[in-house]
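Q: Enclosed is the structure file final06.csv (CSV, C-alpha atoms).
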```csv
chain,number,residue,atom,x,y,z
A,564,MET,CA,-41.0,-7.4,73.3
A,565,LYS,CA,-38.6,-7.1,76.3
A,566,LYS,CA,-39.2,-10.8,77.1
A,567,SER,CA,-38.3,-11.9,73.6
A,568,ILE,CA,-35.1,-9.8,73.7
A,569,LEU,CA,-34.1,-11.4,77.1
A,570,ILE,CA,-34.7,-14.9,75.8
A,571,PHE,CA,-32.7,-14.2,72.7
A,572,SER,CA,-29.9,-12.8,74.7
A,573,ILE,CA,-29.8,-15.8,77.1
A,574,PHE,CA,-29.8,-18.1,74.1
A,575,MET,CA,-26.8,-16.3,72.4
A,576,ALA,CA,-24.8,-16.2,75.6
A,577,SER,CA,-25.3,-19.9,76.2
A,578,ALA,CA,-24.3,-20.7,72.6
A,579,PHE,CA,-20.9,-19.0,73.2
A,580,VAL,CA,-20.2,-20.6,76.5
A,581,SER,CA,-21.3,-24.1,75.7
A,582,CYS,CA,-19.1,-24.6,72.6
A,583,LYS,CA,-16.2,-26.2,74.3
A,584,LYS,CA,-13.8,-28.2,72.2
A,585,ASP,CA,-11.1,-30.7,73.4
A,586,TYR,CA,-7.5,-29.6,72.7
A,587,VAL,CA,-4.2,-31.3,73.5
A,588,CYS,CA,-0.8,-29.7,73.8
A,589,VAL,CA,1.6,-31.3,71.3
A,590,CYS,CA,5.4,-30.7,71.5
A,591,THR,CA,8.4,-32.1,69.7
A,592,ASN,CA,11.4,-33.2,71.8
A,593,SER,CA,14.4,-31.5,70.3
A,594,ASN,CA,16.8,-34.2,71.6
A,595,THR,CA,15.0,-37.2,70.2
A,596,GLY,CA,12.6,-35.8,67.6
A,597,ASP,CA,9.7,-37.6,69.3
A,598,VAL,CA,6.3,-36.0,69.4
A,599,SER,CA,4.8,-35.8,72.9
A,600,TYR,CA,1.2,-35.2,73.8
A,601,GLY,CA,0.8,-33.3,77.0
A,602,ASP,CA,-2.0,-31.5,78.7
A,603,HIS,CA,-5.6,-31.8,77.6
A,604,PHE,CA,-7.8,-28.7,77.6
A,605,LYS,CA,-11.5,-28.1,77.2
A,606,ALA,CA,-11.7,-24.6,75.9
A,607,ASN,CA,-14.2,-22.3,74.2
A,608,THR,CA,-13.5,-19.3,72.1
A,609,PHE,CA,-12.8,-17.2,75.2
A,610,THR,CA,-10.4,-19.6,77.0
A,611,LYS,CA,-8.6,-21.0,74.0
A,612,THR,CA,-6.0,-18.1,74.1
A,613,ALA,CA,-5.1,-18.9,77.7
A,614,ALA,CA,-4.7,-22.6,76.8
A,615,GLU,CA,-2.5,-21.7,73.9
A,616,GLU,CA,-0.2,-19.6,76.1
A,617,SER,CA,0.0,-22.3,78.7
A,618,CYS,CA,0.9,-24.9,76.1
A,619,LYS,CA,3.6,-22.6,74.6
A,620,ALA,CA,5.0,-22.1,78.1
A,621,ASN,CA,6.2,-25.7,77.9
A,622,ASN,CA,9.0,-24.5,75.6
A,623,ASP,CA,10.5,-22.6,78.5
A,624,VAL,CA,9.7,-25.0,81.4
A,625,SER,CA,11.4,-28.0,79.7
A,626,GLY,CA,14.8,-26.4,79.6
A,627,GLY,CA,14.8,-26.3,75.9
A,628,ALA,CA,14.1,-30.0,75.4
A,629,LEU,CA,10.6,-29.3,74.0
A,630,GLU,CA,10.0,-27.1,71.0
A,631,ASN,CA,7.1,-26.2,68.7
A,632,CYS,CA,4.4,-26.6,71.4
A,633,HIS,CA,1.0,-25.9,70.0
A,634,LEU,CA,-2.7,-27.0,70.5
A,635,GLU,CA,-4.3,-29.6,68.3
```
Kindly present the structure from the file in structure tokens form.
A:
Amino acid sequence: MKKSILIFSIFMASAFVSCKKDYVCVCTNSNTGDVSYGDHFKANTFTKTAAEESCKANNDVSGGALENCHLE
């Protein structure tokens, strides 16, 4: 019984960790209206929040030239 619970636990943990998706940070240049594709991220459900925050930080770093930064 303990062995089956351990195997099931390992299986579930690996399912959450291995589900990484590719994301790209997309921003709009407020001066030209062009869409720019920036950083690429491989994130799972736990690291996606950090990737979103990093992408949104591009709004501040660019001196206001980039706006509406989000992950796609």
Q: Within 10 Å of Cys582 of chain A, counting only C-alpha atoms, which residues show up once you throw out same-chain ones fewer than 6 positions away? Write them as a short mmCIF file (atom, residue, chain, number, x, y, z; two decimals) with C-alpha atoms, in the frame of the given file, please.
A:
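Done, and the output landed in out_36.cif:
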```cif
data_model
loop_
_atom_site.label_atom_id
_atom_site.label_comp_id
_atom_site.auth_asym_id
_atom_site.auth_seq_id
_atom_site.Cartn_x
_atom_site.Cartn_y
_atom_site.Cartn_z
CA LYS A 605 -11.50 -28.10 77.20
CA ALA A 606 -11.70 -24.60 75.90
CA ASN A 607 -14.20 -22.30 74.20
CA THR A 608 -13.50 -19.30 72.10
#
```
Q: If I take atom CA of Ala614 of chain A and atom CA of Leu629 of chain A, how far is one from the other in Å, to one decimal?
A: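 Atom CA of Ala614 of chain A sits 16.9 Å away from atom CA of Leu629 of chain A.
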Q: I'd like the interatomic distance between atom CA of Cys588 of chain A and atom CA of Gly601 of chain A, to a tenth of an Å.
A: 5.1 Å
Q: What is the atom CA of Ala613 of chain A to atom CA of Asn594 of chain A distance in Å?
A: 27.4 Å
Q: Please provide as a ChimeraX atom specification all residues within 7 Å of Asn592 of chain A, with the sequence filter that same-chain residues fewer than 2 positions apart are discarded (counting all atoms listed in the file).
A: /A:590,594-598,628-630
Q: Neighbours of segment 633-635 of chain A within 9 Å (only C-alpha atoms; same-chain residues fewer than 2 positions away dropped), as a list in words?
A: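 My reading of the contact set: Asp585, Tyr586, Val587, Cys588, Val589, Cys590, Phe604, Ala614, Glu615, Glu616, Cys618, Lys619 and Asn631 of chain A.
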Q: So, with only C-alpha atoms as the atoms that count, which of A:Gly626, A:Lys584, A:Thr591, A:Ala620 lies closest to His603 of chain A?
A: A:Lys584
